[in-house]
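Some notes on the structure that comes next.
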Amino acid sequence: MSTLSCNEILDSLAAYTDGQVSLDERVEIKSHILQCEACSKAYTQQNEMKKAMVRLRVKTSKPNPPARILHEARRAWNIQDGSVLKRYKVQFALASAVASISVFGGAWAYLERNQDFPTAQVITNFRTAMNNGVSCDYYTQNADTAAKWISKKLNTRVPPVELSLSGGKLIGANVNYLQHLKVGSLVFKTNSGNVILYIAYDHTKFNDMLHVTEDGNDFMEPQHEPGLQFYGWNSHRIGYALLSQQSSNQECALDAERQTLLP
Amino acid sequence: MLINRQRRQFERLIVPMTKPLYIAALRLCRQHDWAEDLVQDTLIRAYERFNLFQPGTNFRAWLLTILTRLYLNDYVRGKRRPLSISYEEMGPSGNAMEFAAPTGENPESVLISAVIEEDLQAALDSIQEDFTQALILVDLEELSYQEAAEALSIPVGTVRSRVSRGRTQLRQHLMKARDNAMKAEIGGQDTVEHTKLQ
């Protein structure tokens with residue numbers, strides 16, 4: 001006799017009849033049925049009822065559905081398609097808006113970016129000028145004329161700078177491309193040598209080649225650059241750097257900064 | 001374009017399924033109006049969820065699961081209750097003579113073999129509703145026990161016991177109905193004889 005009780009067998013008889021039991025279960029139920037008269041009778045009855053149900057299935061498989069069911073369903077599907085399409089359109093519009101904002105935001109950020117001042121290039125340029133002798137693209141002693149000339153070249157407004165109070169005399173102006181960046185410069189002659197004020201539009205950050213001096217946050221000295229004084233600051237989106245060979249020219253730098261800070 | 005392609009694919013699958021769905025709905029609801037609503041809701045729901053259907057699996061079983069759940073939803077909420085329906089309403093009537101009783105069997109078996117579909121349908125309508133649902137899905141809609149379990153949201157073991165007990169109840173109901181009919185017939189004959197004597 002199997003380990004299953006008659007009640008358990010009776011509950012499994014339909015699945016057994018329909019061939020939807022595992023092999024082990026099948027063996028167990030079969031052995032039980034062979035030995036239990038009541039379950040054997042129940043199995044026969046299950047079989048008969050199954051056959052009767054199959055006849056009922058065949059007989060009741062005739063009616064055709066009314067055409068309106070499919071017709072109405074198609075109408076509902078069309079509405080669904082419309083709403084899905086609408087949803088897609090809204091999603092597309094939103095995605096486009098987000099993309100546009102990203103593109104224009106990116107472009108705006110690019111235009112408004114606060115980039116590094118070309119410290120290394122400026123130092124190299126200054127050293128070259130000191131070694132080869134100073135020359136200017138535009139010779140003038142007039143600070144206003146020099147400022148206008150540089151403003152035109154850099155497409156921005158550069159204030160006039162003169163160092164008469166700190167002992168400097170304007171020689172002229174230059175505009176050079178320092179690593180693809182247009183940088184203006186004003187060359188001054190002082191008692192302790194030439195100084196050059198470099199002007200770079202939109203490049204106002206001074207990198208870690210410099211360290212802040214005790215004199216103030218805006219004035220920095222280049223590291224590992226002996227015999228060179230570098231004073232950097234920014235004002236109105238323009239980065240300025242005044243380079244000289246003598247530390248005594250700090251006064252010139254303060255003078256120049258004061259003039260560039262004016263509104 | 002994506003919608004059109006999906007729609008075409010869906011229609012290609014669903015249109016041949018409308019009739020089986022309608023028959024299944026009629027078997028469950030036993031009311032034309034309800035069955036039509038049920039099929040329509042099933043078609044709409046199926047389209048909504050078509051992206052959830054896994055190609056290569058049984059589409060008919062998937063649809064019957066949706067239909068059964070919608071039916072149970074109506075049933076459980078007490079919105080509607082199935083009624084009896086005659087074969088004249090459902091389609092061409094059955095013929096008891098088509099299923100002649102096999103010879104050499106016990107009288108009960110002869111009765112079950114000879115039972116006409118109207119009686120069986122009536123019995124199916126009369127037994128416990130849980131059993132009816134399981135029998136419809138397994139015996140009439142030919143779902144596997146596993147598929148029926150998913151459609152009814154119950155364990156497979158429960159489907160097995162419901163089908164077993166359902167068939168037993170069905171048989172008992174048929175026997176009882178036949179006994180009652182025989183008693184009525186005998187009673188009628190007695191009345192006729194009594195009248196003759198008078």
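Just remember, in the structure tokens the first chain shown is A, the second B, etc., residues are 1-based per chain, and ligands are 1-based in the order shown.
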Could you please select, counting only C-alpha atoms, the residues of chain B within 6 Å of chain A and state them as a PDB file with all heavy atoms, in the first residue's frame?
```pdb
ATOM      1  N   LYS B  19     -12.951  33.562 -30.870  1.00  0.00           N
ATOM      2  CA  LYS B  19     -13.974  32.536 -30.675  1.00  0.00           C
ATOM      3  C   LYS B  19     -13.688  31.677 -29.435  1.00  0.00           C
ATOM      4  O   LYS B  19     -14.575  31.510 -28.585  1.00  0.00           O
ATOM      5  CB  LYS B  19     -14.095  31.658 -31.932  1.00  0.00           C
ATOM      6  CG  LYS B  19     -15.220  30.648 -31.828  1.00  0.00           C
ATOM      7  CD  LYS B  19     -15.377  29.847 -33.087  1.00  0.00           C
ATOM      8  CE  LYS B  19     -16.423  28.760 -32.882  1.00  0.00           C
ATOM      9  NZ  LYS B  19     -16.619  27.950 -34.065  1.00  0.00           N
ATOM     10  N   TYR B  22     -14.553  33.646 -26.454  1.00  0.00           N
ATOM     11  CA  TYR B  22     -16.002  33.834 -26.280  1.00  0.00           C
ATOM     12  C   TYR B  22     -16.642  32.577 -25.688  1.00  0.00           C
ATOM     13  O   TYR B  22     -17.481  32.659 -24.784  1.00  0.00           O
ATOM     14  CB  TYR B  22     -16.625  34.181 -27.634  1.00  0.00           C
ATOM     15  CG  TYR B  22     -18.105  34.442 -27.576  1.00  0.00           C
ATOM     16  CD1 TYR B  22     -18.618  35.493 -26.821  1.00  0.00           C
ATOM     17  CD2 TYR B  22     -18.996  33.630 -28.274  1.00  0.00           C
ATOM     18  CE1 TYR B  22     -19.980  35.733 -26.769  1.00  0.00           C
ATOM     19  CE2 TYR B  22     -20.359  33.865 -28.232  1.00  0.00           C
ATOM     20  CZ  TYR B  22     -20.847  34.919 -27.474  1.00  0.00           C
ATOM     21  OH  TYR B  22     -22.190  35.149 -27.414  1.00  0.00           O
ATOM     22  N   GLN B  40     -14.567  41.412 -24.576  1.00  0.00           N
ATOM     23  CA  GLN B  40     -14.134  42.741 -25.010  1.00  0.00           C
ATOM     24  C   GLN B  40     -13.090  43.317 -24.052  1.00  0.00           C
ATOM     25  O   GLN B  40     -12.049  43.829 -24.482  1.00  0.00           O
ATOM     26  CB  GLN B  40     -15.342  43.662 -25.064  1.00  0.00           C
ATOM     27  CG  GLN B  40     -15.168  44.783 -26.065  1.00  0.00           C
ATOM     28  CD  GLN B  40     -16.496  45.450 -26.319  1.00  0.00           C
ATOM     29  OE1 GLN B  40     -17.435  44.800 -26.777  1.00  0.00           O
ATOM     30  NE2 GLN B  40     -16.587  46.693 -25.980  1.00  0.00           N
ATOM     31  N   MET B  90     -26.666  28.593 -26.574  1.00  0.00           N
ATOM     32  CA  MET B  90     -25.228  28.565 -26.828  1.00  0.00           C
ATOM     33  C   MET B  90     -24.883  28.143 -28.243  1.00  0.00           C
ATOM     34  O   MET B  90     -23.816  28.414 -28.732  1.00  0.00           O
ATOM     35  CB  MET B  90     -24.532  27.622 -25.852  1.00  0.00           C
ATOM     36  CG  MET B  90     -24.525  28.157 -24.441  1.00  0.00           C
ATOM     37  SD  MET B  90     -23.682  27.065 -23.333  1.00  0.00           S
ATOM     38  CE  MET B  90     -21.984  27.450 -23.680  1.00  0.00           C
ATOM     39  N   GLY B  91     -25.791  27.404 -28.898  1.00  0.00           N
ATOM     40  CA  GLY B  91     -25.475  26.953 -30.242  1.00  0.00           C
ATOM     41  C   GLY B  91     -26.296  25.736 -30.585  1.00  0.00           C
ATOM     42  O   GLY B  91     -27.311  25.486 -29.942  1.00  0.00           O
ATOM     43  N   GLU B 117     -25.758  16.597 -22.979  1.00  0.00           N
ATOM     44  CA  GLU B 117     -24.953  17.735 -22.565  1.00  0.00           C
ATOM     45  C   GLU B 117     -25.749  18.768 -21.766  1.00  0.00           C
ATOM     46  O   GLU B 117     -25.194  19.455 -20.927  1.00  0.00           O
ATOM     47  CB  GLU B 117     -24.321  18.403 -23.790  1.00  0.00           C
ATOM     48  CG  GLU B 117     -23.147  17.637 -24.363  1.00  0.00           C
ATOM     49  CD  GLU B 117     -23.549  16.310 -24.984  1.00  0.00           C
ATOM     50  OE1 GLU B 117     -24.622  16.263 -25.619  1.00  0.00           O
ATOM     51  OE2 GLU B 117     -22.817  15.319 -24.816  1.00  0.00           O
ATOM     52  N   LEU B 140     -12.721  21.910 -20.030  1.00  0.00           N
ATOM     53  CA  LEU B 140     -13.314  22.508 -21.229  1.00  0.00           C
ATOM     54  C   LEU B 140     -12.334  23.400 -21.990  1.00  0.00           C
ATOM     55  O   LEU B 140     -12.324  23.416 -23.210  1.00  0.00           O
ATOM     56  CB  LEU B 140     -14.574  23.307 -20.862  1.00  0.00           C
ATOM     57  CG  LEU B 140     -15.677  22.503 -20.148  1.00  0.00           C
ATOM     58  CD1 LEU B 140     -16.901  23.365 -19.902  1.00  0.00           C
ATOM     59  CD2 LEU B 140     -16.070  21.263 -20.951  1.00  0.00           C
ATOM     60  N   ARG B 160      -5.876  20.728  -8.411  1.00  0.00           N
ATOM     61  CA  ARG B 160      -6.025  19.270  -8.512  1.00  0.00           C
ATOM     62  C   ARG B 160      -7.199  18.783  -7.664  1.00  0.00           C
ATOM     63  O   ARG B 160      -8.042  18.010  -8.136  1.00  0.00           O
ATOM     64  CB  ARG B 160      -4.728  18.581  -8.060  1.00  0.00           C
ATOM     65  CG  ARG B 160      -3.643  18.668  -9.101  1.00  0.00           C
ATOM     66  CD  ARG B 160      -2.290  18.322  -8.558  1.00  0.00           C
ATOM     67  NE  ARG B 160      -2.211  16.988  -7.993  1.00  0.00           N
ATOM     68  CZ  ARG B 160      -1.102  16.253  -7.932  1.00  0.00           C
ATOM     69  NH1 ARG B 160       0.018  16.736  -8.433  1.00  0.00           N
ATOM     70  NH2 ARG B 160      -1.100  15.065  -7.394  1.00  0.00           N
ATOM     71  N   SER B 161      -7.236  19.243  -6.422  1.00  0.00           N
ATOM     72  CA  SER B 161      -8.318  18.766  -5.556  1.00  0.00           C
ATOM     73  C   SER B 161      -9.665  19.310  -6.019  1.00  0.00           C
ATOM     74  O   SER B 161     -10.684  18.611  -5.965  1.00  0.00           O
ATOM     75  CB  SER B 161      -8.051  19.138  -4.097  1.00  0.00           C
ATOM     76  OG  SER B 161      -8.058  20.524  -3.956  1.00  0.00           O
ATOM     77  N   SER B 164     -10.814  17.200  -8.975  1.00  0.00           N
ATOM     78  CA  SER B 164     -11.244  15.871  -8.507  1.00  0.00           C
ATOM     79  C   SER B 164     -12.605  15.949  -7.828  1.00  0.00           C
ATOM     80  O   SER B 164     -13.539  15.214  -8.157  1.00  0.00           O
ATOM     81  CB  SER B 164     -10.232  15.301  -7.507  1.00  0.00           C
ATOM     82  OG  SER B 164      -9.045  14.956  -8.164  1.00  0.00           O
TER      83      SER B 164
END
```
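Looking only at segment 57-196 of chain A, the set that DSSP places in strand (DSSP E or B) from backbone geometry is Gln115, Asp116, Tyr138, Tyr139, Lys169, Leu170, Ile171, Gly172, Ala173, Asn174, Val175, Asn176, Tyr177, Leu178, Leu181, Lys182, Val183, Gly184, Ser185, Leu186, Val187, Phe188, Lys189, Thr190, Gly193, Asn194, Val195 and Ile196 of chain A.
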Handout entry: Exercise: Asp137 of chain A partners within 9 Å, only C-alpha atoms, chain neighbours under 2 positions left out, as a VMD selection string
Key = chain A and resid 135 139 172 to 175
Handout entry: Pick from A:Gly184, A:Pro159, A:Gly232, A:Gly239, whichever lies nearest to Gln115 of chain A using only C-alpha atoms
Key =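 Checking each of A:Gly184, A:Pro159, A:Gly232, A:Gly239 against Gln115 of chain A, counting only C-alpha atoms, the winner is A:Gly239.
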Exercise for the section: For atom CA of Thr260 of chain A and atom CA of Ile123 of chain A, quote the distance in Å rounded to one decimal. Expected result: 20.9 Å
Practice task
Might you pull out every residue within 9 Å of Ser235 of chain A, with only C-alpha atoms counted and same-chain residues fewer than 6 positions away left off, and present them as a count of residues only?
Solution key: 5
Exercise for the section: State, in Å with one decimal place, the distance from atom CA of Phe188 of chain A to atom CA of Asp116 of chain A. Expected result: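 About the pair atom CA of Phe188 of chain A and atom CA of Asp116 of chain A: they are 24.6 Å apart.
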Exercise for the section: Just the residues within 9 Å of segment 141-152 of chain A, please, counting only C-alpha atoms, with nothing from its chain fewer than 3 positions along; format it as a PyMOL selection string. Expected result: chain A and resi 138+155-162+169-175+184-186+199
Store the residues of this selection in a file with N, CA and C atoms, as a CSV table (one decimal), in the first residue's frame.
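Everything below was put into result.csv:
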```
chain,number,residue,atom,x,y,z
A,138,TYR,N,52.5,97.5,-31.7
A,138,TYR,CA,51.9,98.9,-31.8
A,138,TYR,C,52.6,99.7,-30.8
A,155,ASN,N,38.5,91.8,-28.9
A,155,ASN,CA,37.0,91.9,-28.9
A,155,ASN,C,36.4,92.0,-27.5
A,156,THR,N,37.0,92.8,-26.7
A,156,THR,CA,36.5,93.1,-25.4
A,156,THR,C,36.9,94.5,-24.9
A,157,ARG,N,36.4,94.9,-23.8
A,157,ARG,CA,36.8,96.3,-23.4
A,157,ARG,C,37.9,96.2,-22.4
A,158,VAL,N,39.1,96.7,-22.8
A,158,VAL,CA,40.2,96.7,-21.9
A,158,VAL,C,40.4,98.1,-21.4
A,159,PRO,N,40.5,98.3,-20.0
A,159,PRO,CA,40.7,99.7,-19.5
A,159,PRO,C,42.1,100.2,-19.8
A,160,PRO,N,42.3,101.5,-19.9
A,160,PRO,CA,43.6,102.0,-20.1
A,160,PRO,C,44.4,101.9,-18.8
A,161,VAL,N,45.7,101.5,-18.9
A,161,VAL,CA,46.5,101.4,-17.8
A,161,VAL,C,47.8,102.2,-18.0
A,162,GLU,N,48.1,103.0,-17.1
A,162,GLU,CA,49.4,103.8,-17.1
A,162,GLU,C,50.1,103.7,-15.8
A,169,LYS,N,56.7,103.7,-17.8
A,169,LYS,CA,56.4,104.5,-18.9
A,169,LYS,C,56.0,103.5,-20.1
A,170,LEU,N,54.9,103.8,-20.6
A,170,LEU,CA,54.3,102.9,-21.7
A,170,LEU,C,55.2,103.0,-22.9
A,171,ILE,N,55.5,101.8,-23.5
A,171,ILE,CA,56.3,101.7,-24.7
A,171,ILE,C,55.3,101.4,-25.9
A,172,GLY,N,54.5,100.4,-25.7
A,172,GLY,CA,53.6,100.0,-26.7
A,172,GLY,C,52.8,98.7,-26.3
A,173,ALA,N,52.1,98.2,-27.3
A,173,ALA,CA,51.2,97.0,-27.0
A,173,ALA,C,51.5,95.9,-28.0
A,174,ASN,N,51.2,94.7,-27.6
A,174,ASN,CA,51.3,93.5,-28.4
A,174,ASN,C,50.0,92.7,-28.3
A,175,VAL,N,49.8,91.9,-29.3
A,175,VAL,CA,48.8,90.8,-29.1
A,175,VAL,C,49.4,89.5,-29.7
A,184,GLY,N,46.7,89.9,-25.0
A,184,GLY,CA,47.2,91.2,-25.2
A,184,GLY,C,48.3,91.5,-24.2
A,185,SER,N,49.2,92.5,-24.5
A,185,SER,CA,50.2,92.9,-23.5
A,185,SER,C,50.6,94.3,-23.7
A,186,LEU,N,50.9,95.0,-22.5
A,186,LEU,CA,51.3,96.4,-22.5
A,186,LEU,C,52.7,96.3,-22.0
A,199,ILE,N,47.2,90.5,-20.7
A,199,ILE,CA,45.8,90.7,-20.6
A,199,ILE,C,45.1,89.5,-21.3
```
Exercise for the section: Pick out the residues sitting within 9 Å of Val183 of chain A, and hand them over as a ChimeraX atom specification; count only C-alpha atoms, and ignore anything fewer than 5 positions along from it in its own chain. Expected result: /A:118,122,154,174-178,198-201
Practice task
Between atom CA of Cys29 of chain B and atom CA of Val15 of chain B, measure the distance and give it in Å to one decimal.
Solution key: 21.3 Å
